[in-house]
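Participant: Structure file coords_12.tsv (TSV, C-alpha atoms) is given on the next line.
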```
chain	number	residue	atom	x	y	z
Q	1	MET	CA	97.19	115.88	66.28
Q	2	LYS	CA	94.96	113.20	67.80
Q	3	ALA	CA	95.29	111.68	71.25
Q	4	ASN	CA	96.75	108.24	70.61
Q	5	LYS	CA	98.45	107.38	73.90
Q	6	ILE	CA	96.43	107.84	77.11
Q	7	LEU	CA	97.87	107.45	80.58
Q	8	PHE	CA	95.25	106.91	83.28
Q	9	LEU	CA	96.01	107.65	86.93
Q	10	THR	CA	93.29	106.35	89.18
Q	11	GLN	CA	92.51	105.90	92.83
Q	12	GLU	CA	90.06	103.09	92.18
Q	13	ILE	CA	89.12	100.70	89.38
Q	14	ILE	CA	87.09	97.50	89.16
Q	15	PRO	CA	87.92	94.63	89.74
Q	16	PHE	CA	90.81	95.64	92.02
Q	17	THR	CA	88.69	97.89	94.24
Q	18	GLU	CA	85.03	97.77	95.18
Q	19	SER	CA	82.36	99.24	92.95
Q	20	SER	CA	82.05	103.01	93.24
Q	21	GLU	CA	81.36	105.90	90.91
Q	22	MET	CA	85.09	106.33	90.28
Q	23	ALA	CA	85.92	102.63	90.02
Q	24	ASP	CA	83.04	102.06	87.59
Q	25	ASN	CA	83.85	105.15	85.51
Q	26	CYS	CA	87.50	104.18	85.16
Q	27	ARG	CA	86.65	100.65	84.09
Q	28	ARG	CA	84.15	101.93	81.52
Q	29	LEU	CA	86.50	104.63	80.23
Q	30	LEU	CA	89.43	102.23	79.96
Q	31	GLN	CA	87.35	99.83	77.89
Q	32	GLY	CA	86.01	102.63	75.71
Q	33	ALA	CA	89.49	104.03	75.07
Q	34	ILE	CA	90.81	100.63	74.03
Q	35	GLU	CA	87.83	100.02	71.74
Q	36	LYS	CA	88.49	103.37	70.08
Q	37	GLY	CA	92.04	102.33	69.31
Q	38	HIS	CA	93.87	104.38	71.94
Q	39	GLU	CA	97.06	102.91	73.36
Q	40	VAL	CA	96.56	103.04	77.13
Q	41	ARG	CA	98.46	102.48	80.35
Q	42	THR	CA	96.91	102.66	83.79
Q	43	PHE	CA	98.53	103.27	87.17
Q	44	MET	CA	97.00	103.09	90.63
Q	45	PRO	CA	98.24	102.70	94.21
Q	46	LYS	CA	98.69	99.16	95.45
Q	47	TRP	CA	96.33	99.57	98.42
Q	48	GLY	CA	96.61	97.13	101.30
Q	49	SER	CA	93.06	95.98	100.53
Q	50	ILE	CA	94.12	94.59	97.13
Q	51	ASN	CA	94.79	90.86	97.38
Q	52	GLU	CA	97.95	90.17	95.38
Q	53	ARG	CA	97.41	86.42	95.03
Q	54	ARG	CA	93.76	86.61	94.01
Q	55	ASN	CA	94.46	89.41	91.50
Q	56	GLN	CA	97.71	87.74	90.31
Q	57	LEU	CA	99.96	90.74	90.84
Q	58	HIS	CA	103.64	90.26	90.13
Q	59	GLU	CA	106.63	92.54	90.45
Q	60	VAL	CA	108.11	94.24	87.38
Q	61	ILE	CA	111.81	93.86	88.16
Q	62	ARG	CA	113.06	96.13	85.38
Q	63	LEU	CA	110.96	99.03	86.73
Q	64	THR	CA	111.57	98.41	90.41
Q	65	GLY	CA	114.51	99.82	92.34
Q	66	MET	CA	114.13	103.57	91.98
Q	67	ASN	CA	114.03	105.81	95.04
Q	68	ILE	CA	111.52	108.68	95.19
Q	69	VAL	CA	112.53	111.61	97.40
Q	70	VAL	CA	109.79	113.03	99.61
Q	71	ASP	CA	110.68	115.62	102.24
Q	72	ASP	CA	114.43	114.90	101.78
Q	73	THR	CA	113.94	111.18	102.45
Q	74	ASP	CA	114.43	108.37	99.93
Q	75	HIS	CA	111.49	106.00	99.57
Q	76	PRO	CA	112.00	102.78	97.54
Q	77	LEU	CA	109.54	102.30	94.71
Q	78	ILE	CA	108.16	98.87	93.80
Q	79	ILE	CA	106.13	98.38	90.62
Q	80	LYS	CA	103.69	95.50	90.30
Q	81	VAL	CA	101.40	94.62	87.45
Q	82	ALA	CA	98.24	92.62	86.86
Q	83	SER	CA	96.44	91.72	83.65
Q	84	MET	CA	92.86	92.46	82.71
Q	85	PRO	CA	92.38	89.78	80.01
Q	86	SER	CA	88.87	90.94	79.14
Q	87	LEU	CA	90.32	94.30	78.05
Q	88	ARG	CA	93.67	93.03	76.77
Q	89	THR	CA	95.50	95.48	79.02
Q	90	GLN	CA	97.52	95.66	82.23
Q	91	ILE	CA	97.25	97.72	85.39
Q	92	PHE	CA	100.46	98.97	87.00
Q	93	PHE	CA	100.54	99.32	90.77
Q	94	ILE	CA	102.63	101.79	92.77
Q	95	LEU	CA	103.88	100.20	95.98
Q	96	ASN	CA	106.00	101.37	98.89
Q	97	GLU	CA	106.25	99.63	102.25
Q	98	ASP	CA	105.63	102.82	104.24
Q	99	TYR	CA	102.93	104.47	102.14
Q	100	PHE	CA	100.82	101.68	100.68
Q	101	ARG	CA	101.58	98.22	102.04
Q	102	ASN	CA	99.15	98.27	104.97
Q	103	HIS	CA	96.96	101.21	103.98
Q	104	LEU	CA	93.44	100.11	103.05
Q	105	ASN	CA	92.85	103.17	100.90
Q	106	THR	CA	92.77	106.79	102.02
Q	107	ARG	CA	91.17	105.82	105.38
Q	108	ASN	CA	91.83	103.12	107.96
Q	109	GLU	CA	89.44	100.51	109.36
Q	110	LYS	CA	87.88	103.12	111.67
Q	111	GLY	CA	87.21	105.51	108.81
Q	112	GLU	CA	90.01	107.84	109.92
Q	113	GLU	CA	92.11	109.57	107.29
Q	114	TYR	CA	95.78	108.62	107.28
Q	115	PRO	CA	98.10	111.39	108.55
Q	116	ASP	CA	100.58	110.73	105.73
Q	117	ASN	CA	98.10	111.23	102.89
Q	118	ASP	CA	99.97	114.41	101.94
Q	119	GLU	CA	103.22	112.53	101.34
Q	120	ARG	CA	101.44	109.69	99.59
Q	121	THR	CA	99.99	112.02	96.97
Q	122	ILE	CA	103.49	113.39	96.31
Q	123	PHE	CA	104.98	109.90	96.15
Q	124	PHE	CA	102.28	108.53	93.87
Q	125	ALA	CA	102.41	111.33	91.30
Q	126	ARG	CA	106.18	111.37	91.04
Q	127	SER	CA	106.43	107.56	91.03
Q	128	VAL	CA	104.09	107.27	88.06
Q	129	LEU	CA	105.92	109.93	86.06
Q	130	GLU	CA	109.35	108.49	86.82
Q	131	THR	CA	108.16	105.04	85.79
Q	132	VAL	CA	106.63	106.25	82.53
Q	133	LYS	CA	109.85	108.14	81.77
Q	134	LYS	CA	111.83	104.95	82.39
Q	135	GLN	CA	109.54	103.08	80.00
Q	136	SER	CA	110.27	105.66	77.26
Q	137	TRP	CA	106.54	105.84	76.59
Q	138	TYR	CA	105.27	109.29	75.61
Q	139	PRO	CA	101.61	109.88	76.57
Q	140	ASP	CA	99.58	112.42	74.64
Q	141	VAL	CA	97.15	112.74	77.55
Q	142	VAL	CA	97.42	112.02	81.27
Q	143	HIS	CA	93.92	111.66	82.74
Q	144	CYS	CA	93.74	111.68	86.53
Q	145	HIS	CA	90.87	110.23	88.56
Q	146	GLY	CA	91.06	110.87	92.30
Q	147	TRP	CA	93.00	113.34	94.41
Q	148	ILE	CA	95.84	110.86	95.06
Q	149	GLY	CA	97.21	111.86	91.63
Q	150	ALA	CA	96.29	115.56	91.80
Q	151	LEU	CA	99.90	116.76	91.70
Q	152	ALA	CA	100.75	115.04	88.42
Q	153	GLY	CA	99.82	118.09	86.34
Q	154	LEU	CA	102.00	120.40	88.41
Q	155	TYR	CA	104.98	118.08	88.02
Q	156	ILE	CA	104.40	117.53	84.29
Q	157	LYS	CA	104.34	121.29	83.66
Q	158	THR	CA	107.35	122.12	85.86
Q	159	LEU	CA	109.66	119.35	87.08
Q	160	TYR	CA	109.30	117.24	83.90
Q	161	LYS	CA	108.59	119.92	81.32
Q	162	GLU	CA	111.87	119.32	79.48
Q	163	GLU	CA	111.51	115.54	79.48
Q	164	PRO	CA	110.73	114.16	75.99
Q	165	ALA	CA	108.09	111.88	77.51
Q	166	PHE	CA	105.99	114.83	78.72
Q	167	ARG	CA	106.98	117.77	76.53
Q	168	ASN	CA	103.64	117.84	74.67
Q	169	THR	CA	101.50	115.99	77.20
Q	170	LYS	CA	98.07	117.34	78.09
Q	171	PHE	CA	96.84	116.86	81.67
Q	172	VAL	CA	93.14	116.23	82.29
Q	173	TYR	CA	91.67	116.23	85.78
Q	174	SER	CA	88.34	114.62	86.69
Q	175	LEU	CA	86.21	116.17	89.41
Q	176	TYR	CA	84.46	113.72	91.75
Q	177	ASN	CA	82.79	113.80	95.12
Q	178	ASP	CA	85.91	112.18	96.57
Q	179	GLY	CA	87.01	114.80	99.07
Q	180	PHE	CA	88.75	114.43	102.39
Q	181	GLU	CA	87.96	116.26	105.62
Q	182	SER	CA	91.29	116.95	107.28
Q	183	SER	CA	93.93	119.40	106.08
Q	184	PHE	CA	97.46	118.48	105.07
Q	185	PRO	CA	100.35	119.57	107.36
Q	186	GLU	CA	101.45	123.20	107.20
Q	187	ASN	CA	104.67	122.31	105.37
Q	188	PHE	CA	102.93	120.41	102.54
Q	189	LEU	CA	103.80	122.96	99.85
Q	190	GLN	CA	107.44	122.87	100.93
Q	191	LYS	CA	107.40	119.11	100.48
Q	192	VAL	CA	105.87	119.48	96.99
Q	193	ILE	CA	108.75	121.65	95.75
Q	194	PHE	CA	111.58	119.56	94.32
Q	195	ARG	CA	114.80	120.33	92.44
Q	196	ASN	CA	114.26	123.04	89.82
Q	197	MET	CA	110.79	123.98	91.10
Q	198	GLU	CA	111.89	126.73	93.50
Q	199	SER	CA	110.60	129.45	91.18
Q	200	VAL	CA	107.14	127.86	90.80
Q	201	ASP	CA	104.47	130.20	92.13
Q	202	LEU	CA	102.10	128.43	94.52
Q	203	SER	CA	101.00	131.66	96.23
Q	204	THR	CA	97.42	131.28	95.00
Q	205	ILE	CA	97.02	128.16	97.16
Q	206	ASN	CA	95.84	128.78	100.71
Q	207	THR	CA	97.40	126.86	103.60
Q	208	PRO	CA	96.86	124.56	105.30
Q	209	VAL	CA	95.97	122.70	102.10
Q	210	ASN	CA	92.59	120.98	102.26
Q	211	TYR	CA	90.69	119.09	99.56
Q	212	GLN	CA	89.48	122.25	97.85
Q	213	GLU	CA	92.95	123.78	97.72
Q	214	LEU	CA	94.55	120.55	96.46
Q	215	THR	CA	91.92	120.37	93.73
Q	216	LYS	CA	92.60	124.00	92.83
Q	217	MET	CA	96.26	123.04	92.37
Q	218	ALA	CA	95.22	120.25	90.02
Q	219	ILE	CA	92.94	122.59	88.05
Q	220	GLN	CA	95.54	125.35	87.92
Q	221	TRP	CA	98.05	123.05	86.21
Q	222	CYS	CA	95.66	121.07	84.01
Q	223	ASP	CA	94.70	121.54	80.36
Q	224	GLY	CA	91.11	120.43	80.80
Q	225	VAL	CA	88.57	119.43	83.46
Q	226	ILE	CA	85.97	116.66	83.27
Q	227	GLN	CA	82.99	116.64	85.62
Q	228	ASP	CA	82.74	112.97	86.59
Q	229	SER	CA	80.17	113.30	89.40
Q	230	GLU	CA	76.77	114.81	88.82
Q	231	ASN	CA	77.13	116.90	91.96
Q	232	VAL	CA	80.55	118.45	92.53
Q	233	ASP	CA	81.59	121.54	94.44
Q	234	PRO	CA	80.32	124.41	92.23
Q	235	ALA	CA	83.15	126.62	93.49
Q	236	LEU	CA	85.66	124.27	91.84
Q	237	LEU	CA	83.84	124.43	88.51
Q	238	GLU	CA	83.74	128.20	88.81
Q	239	TYR	CA	87.47	128.22	89.54
Q	240	ALA	CA	88.17	126.19	86.38
Q	241	GLN	CA	86.02	128.56	84.34
Q	242	SER	CA	87.78	131.59	85.84
Q	243	LEU	CA	91.07	130.19	84.51
Q	244	ASP	CA	89.51	129.54	81.08
Q	245	LYS	CA	90.06	125.82	81.39
Q	246	PRO	CA	87.96	123.70	78.98
Q	247	VAL	CA	85.33	121.84	81.03
Q	248	LEU	CA	83.51	118.71	79.87
Q	249	PRO	CA	80.10	118.61	81.64
Q	250	PHE	CA	78.75	115.49	83.33
Q	251	LYS	CA	77.90	112.62	80.96
Q	252	ARG	CA	76.59	109.08	81.38
Q	253	GLY	CA	77.25	105.66	79.82
Q	254	SER	CA	78.61	105.42	76.29
Q	255	GLU	CA	78.02	109.13	75.86
Q	256	TYR	CA	80.66	109.61	78.58
Q	257	THR	CA	83.36	107.54	76.87
Q	258	ASP	CA	82.68	109.12	73.48
Q	259	ALA	CA	82.80	112.62	74.94
Q	260	CYS	CA	86.08	111.93	76.78
Q	261	SER	CA	87.73	110.68	73.59
Q	262	GLU	CA	86.59	113.79	71.71
Q	263	PHE	CA	87.81	115.95	74.61
Q	264	TYR	CA	91.27	114.38	74.46
Q	265	ASN	CA	91.46	115.02	70.71
Q	266	LEU	CA	90.31	118.60	71.16
Q	267	LEU	CA	93.10	119.31	73.64
Q	268	CYS	CA	95.74	117.56	71.53
Q	269	ALA	CA	94.68	119.43	68.41
Q	270	GLU	CA	96.56	122.40	69.90
Q	271	VAL	CA	99.83	120.45	69.50
Q	272	GLU	CA	100.95	120.51	65.89
```
Do you think you could lay out the structure here as structure tokens?
Facilitator:
Amino acid sequence: MKANKILFLTQEIIPFTESSEMADNCRRLLQGAIEKGHEVRTFMPKWGSINERRNQLHEVIRLTGMNIVVDDTDHPLIIKVASMPSLRTQIFFILNEDYFRNHLNTRNEKGEEYPDNDERTIFFARSVLETVKKQSWYPDVVHCHGWIGALAGLYIKTLYKEEPAFRNTKFVYSLYNDGFESSFPENFLQKVIFRNMESVDLSTINTPVNYQELTKMAIQWCDGVIQDSENVDPALLEYAQSLDKPVLPFKRGSEYTDACSEFYNLLCAEVE
């Protein structure tokens, strides 16, 4: 089986965010995937720094209106979309008044990390998966760029494992130098658990959860790891190798997009 449908989760992508290693990689990979004939969909947070008028975002009424529960509280989900005509594709934006409306990105104007980043990563991952399920679109691969979507693999393999949309989905996690300094609140793992996840073993994750531990969660529940920064924490690569996760080493340019496509197909070849 080849990887035909690719779902990208990203923290940043040009032209909606400023140029960065992640934003540039995602733009390049999205273009490469489309050129190779993959059917793609891309989701990212609707950061407060993204100008809706200039980028021509508009609300997708048929997808808006769901509530996502985080820490026993309902949070309304709004879906917006913008076109990228040069790539003949659209970018879907996850929006919530509390989590994303006025948040510049993962830090405020003073460079301080937002205290609700833990809940935002829960909200983002579950919002994307609920939306894709509502679209009845079955991705072969979910490729996550940035820690804001780190929990998607855990949810795909547990909470959504019986959903037709994700039954055979492979989760790929990209490692970047995109860490954060503060730790999540002590009750973060309790917030992560939802519905039928009570039996999920998260005992290998140390608390309080910091960037390294969150990334370990992503690696633990992924099917493959891609090294997207030349210099990443070697302990995280060693952790992936200790779990026998396939790891795609750092690549550049067109070699990167070709290697990612081959990596997707390699993982999906296990599904027959």
Participant: To one decimal in Å, tell me the separation between atom CA of Val69 of chain Q and atom CA of Thr17 of chain Q.
Facilitator: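 Here the two named atoms are 27.7 Å from each other.
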Participant: Which value, in Å to one decimal, gives the distance between atom CA of Cys268 of chain Q and atom CA of Val128 of chain Q?
Facilitator: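 These two atoms are separated by 21.2 Å.
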Participant: Between Q:Tyr239, Q:Arg101, Q:His38, Q:Ile226, which one has atoms that come closest to Asn51 of chain Q, using all atoms listed in the file?
Facilitator: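 That would be Q:Arg101, the residue with the smallest distance to Asn51 of chain Q.
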Participant: From the options Q:Ser49, Q:Ser20, Q:Thr131, Q:Ser86, which residue's atoms come nearest to Gly65 of chain Q, counting only C-alpha atoms?
Facilitator: Q:Thr131
Participant: For the atom pair atom CA of Leu87 of chain Q and atom CA of Gly224 of chain Q, what is the interatomic distance in Å to one decimal place?
Facilitator: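 A separation of 26.3 Å between them.
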Participant: Using all atoms listed in the file - which residues lie no farther than 10 Å from the point (101.6, 99.9, 98.5) in the file's frame? Write them as a PyMOL selection string.
Facilitator: chain Q and resi 44-50+77-80+93-105+120+124
Participant: Convert the current residue selection to file output with C-alpha atoms, as a short mmCIF file (atom, residue, chain, number, x, y, z; two decimals), in the frame of the given file.
Facilitator:
```
data_model
loop_
_atom_site.label_atom_id
_atom_site.label_comp_id
_atom_site.auth_asym_id
_atom_site.auth_seq_id
_atom_site.Cartn_x
_atom_site.Cartn_y
_atom_site.Cartn_z
CA MET Q 44 97.00 103.09 90.63
CA PRO Q 45 98.24 102.70 94.21
CA LYS Q 46 98.69 99.16 95.45
CA TRP Q 47 96.33 99.57 98.42
CA GLY Q 48 96.61 97.13 101.30
CA SER Q 49 93.06 95.98 100.53
CA ILE Q 50 94.12 94.59 97.13
CA LEU Q 77 109.54 102.30 94.71
CA ILE Q 78 108.16 98.87 93.80
CA ILE Q 79 106.13 98.38 90.62
CA LYS Q 80 103.69 95.50 90.30
CA PHE Q 93 100.54 99.32 90.77
CA ILE Q 94 102.63 101.79 92.77
CA LEU Q 95 103.88 100.20 95.98
CA ASN Q 96 106.00 101.37 98.89
CA GLU Q 97 106.25 99.63 102.25
CA ASP Q 98 105.63 102.82 104.24
CA TYR Q 99 102.93 104.47 102.14
CA PHE Q 100 100.82 101.68 100.68
CA ARG Q 101 101.58 98.22 102.04
CA ASN Q 102 99.15 98.27 104.97
CA HIS Q 103 96.96 101.21 103.98
CA LEU Q 104 93.44 100.11 103.05
CA ASN Q 105 92.85 103.17 100.90
CA ARG Q 120 101.44 109.69 99.59
CA PHE Q 124 102.28 108.53 93.87
#
```
Participant: Which residues are near Ile205 of chain Q? Cut-off 10 Å, all atoms listed in the file, ignore same chain within fewer than 4 positions. Put them as a PDB file with C-alpha atoms, in the coordinates of the input.
Facilitator:
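Generated output (around_26.pdb):
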```
ATOM      1  CA  LEU Q 189     103.800 122.960  99.850  1.00  0.00           C
ATOM      2  CA  ASP Q 201     104.470 130.200  92.130  1.00  0.00           C
ATOM      3  CA  VAL Q 209      95.970 122.700 102.100  1.00  0.00           C
ATOM      4  CA  ASN Q 210      92.590 120.980 102.260  1.00  0.00           C
ATOM      5  CA  GLN Q 212      89.480 122.250  97.850  1.00  0.00           C
ATOM      6  CA  GLU Q 213      92.950 123.780  97.720  1.00  0.00           C
ATOM      7  CA  LEU Q 214      94.550 120.550  96.460  1.00  0.00           C
ATOM      8  CA  THR Q 215      91.920 120.370  93.730  1.00  0.00           C
ATOM      9  CA  LYS Q 216      92.600 124.000  92.830  1.00  0.00           C
ATOM     10  CA  MET Q 217      96.260 123.040  92.370  1.00  0.00           C
ATOM     11  CA  GLN Q 220      95.540 125.350  87.920  1.00  0.00           C
TER      12      GLN Q 220
END
```
Participant: Please list, as a count of residues only, the residues that have an atom at most 12 Å away from (114.7, 114.1, 101.9) in the coordinates of this file, counting only C-alpha atoms.
Facilitator: 16
Participant: Neighbouring residues of Cys222 of chain Q were defined as those with any atom within 8 Å, considering all atoms listed in the file; residues of the same chain fewer than 4 positions away were excluded. Please report them as a PyMOL selection string.
Facilitator: chain Q and resi 153-154+170-173+218+245
Participant: As a PyMOL selection string, please: the residues near Glu35 of chain Q (cut-off 12 Å, all atoms listed in the file, same-chain neighbours under 3 positions excluded).
Facilitator: chain Q and resi 28-32+38-40+86-89+254+257-258+261
Participant: Out of Q:Glu112, Q:Glu18, Q:Asp223, Q:Glu198, which residue has the shortest atom-to-atom distance to Gln241 of chain Q when counting all atoms listed in the file?
Facilitator: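 Nearest candidate to Gln241 of chain Q out of Q:Glu112, Q:Glu18, Q:Asp223, Q:Glu198: Q:Asp223.
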Participant: From the list Q:His58, Q:Met197, Q:Gln135, Q:Ile122, which residue is nearest Tyr160 of chain Q when using all atoms listed in the file?
Facilitator: Q:Met197
Participant: Using only C-alpha atoms, find the one residue out of Q:Tyr114, Q:Asp178, Q:Gly149, Q:Asp228 that sits nearest to Ser127 of chain Q.
Facilitator: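 Looking at the shortest contact to Ser127 of chain Q, the residue is Q:Gly149.
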Participant: Restricting the calculation to only C-alpha atoms: of Q:Glu162, Q:Asp140, Q:Glu181, Q:Glu270, which residue gets closest to Asn117 of chain Q?
Facilitator: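 Ranking Q:Glu162, Q:Asp140, Q:Glu181, Q:Glu270 by distance to Asn117 of chain Q, first place goes to Q:Glu181.
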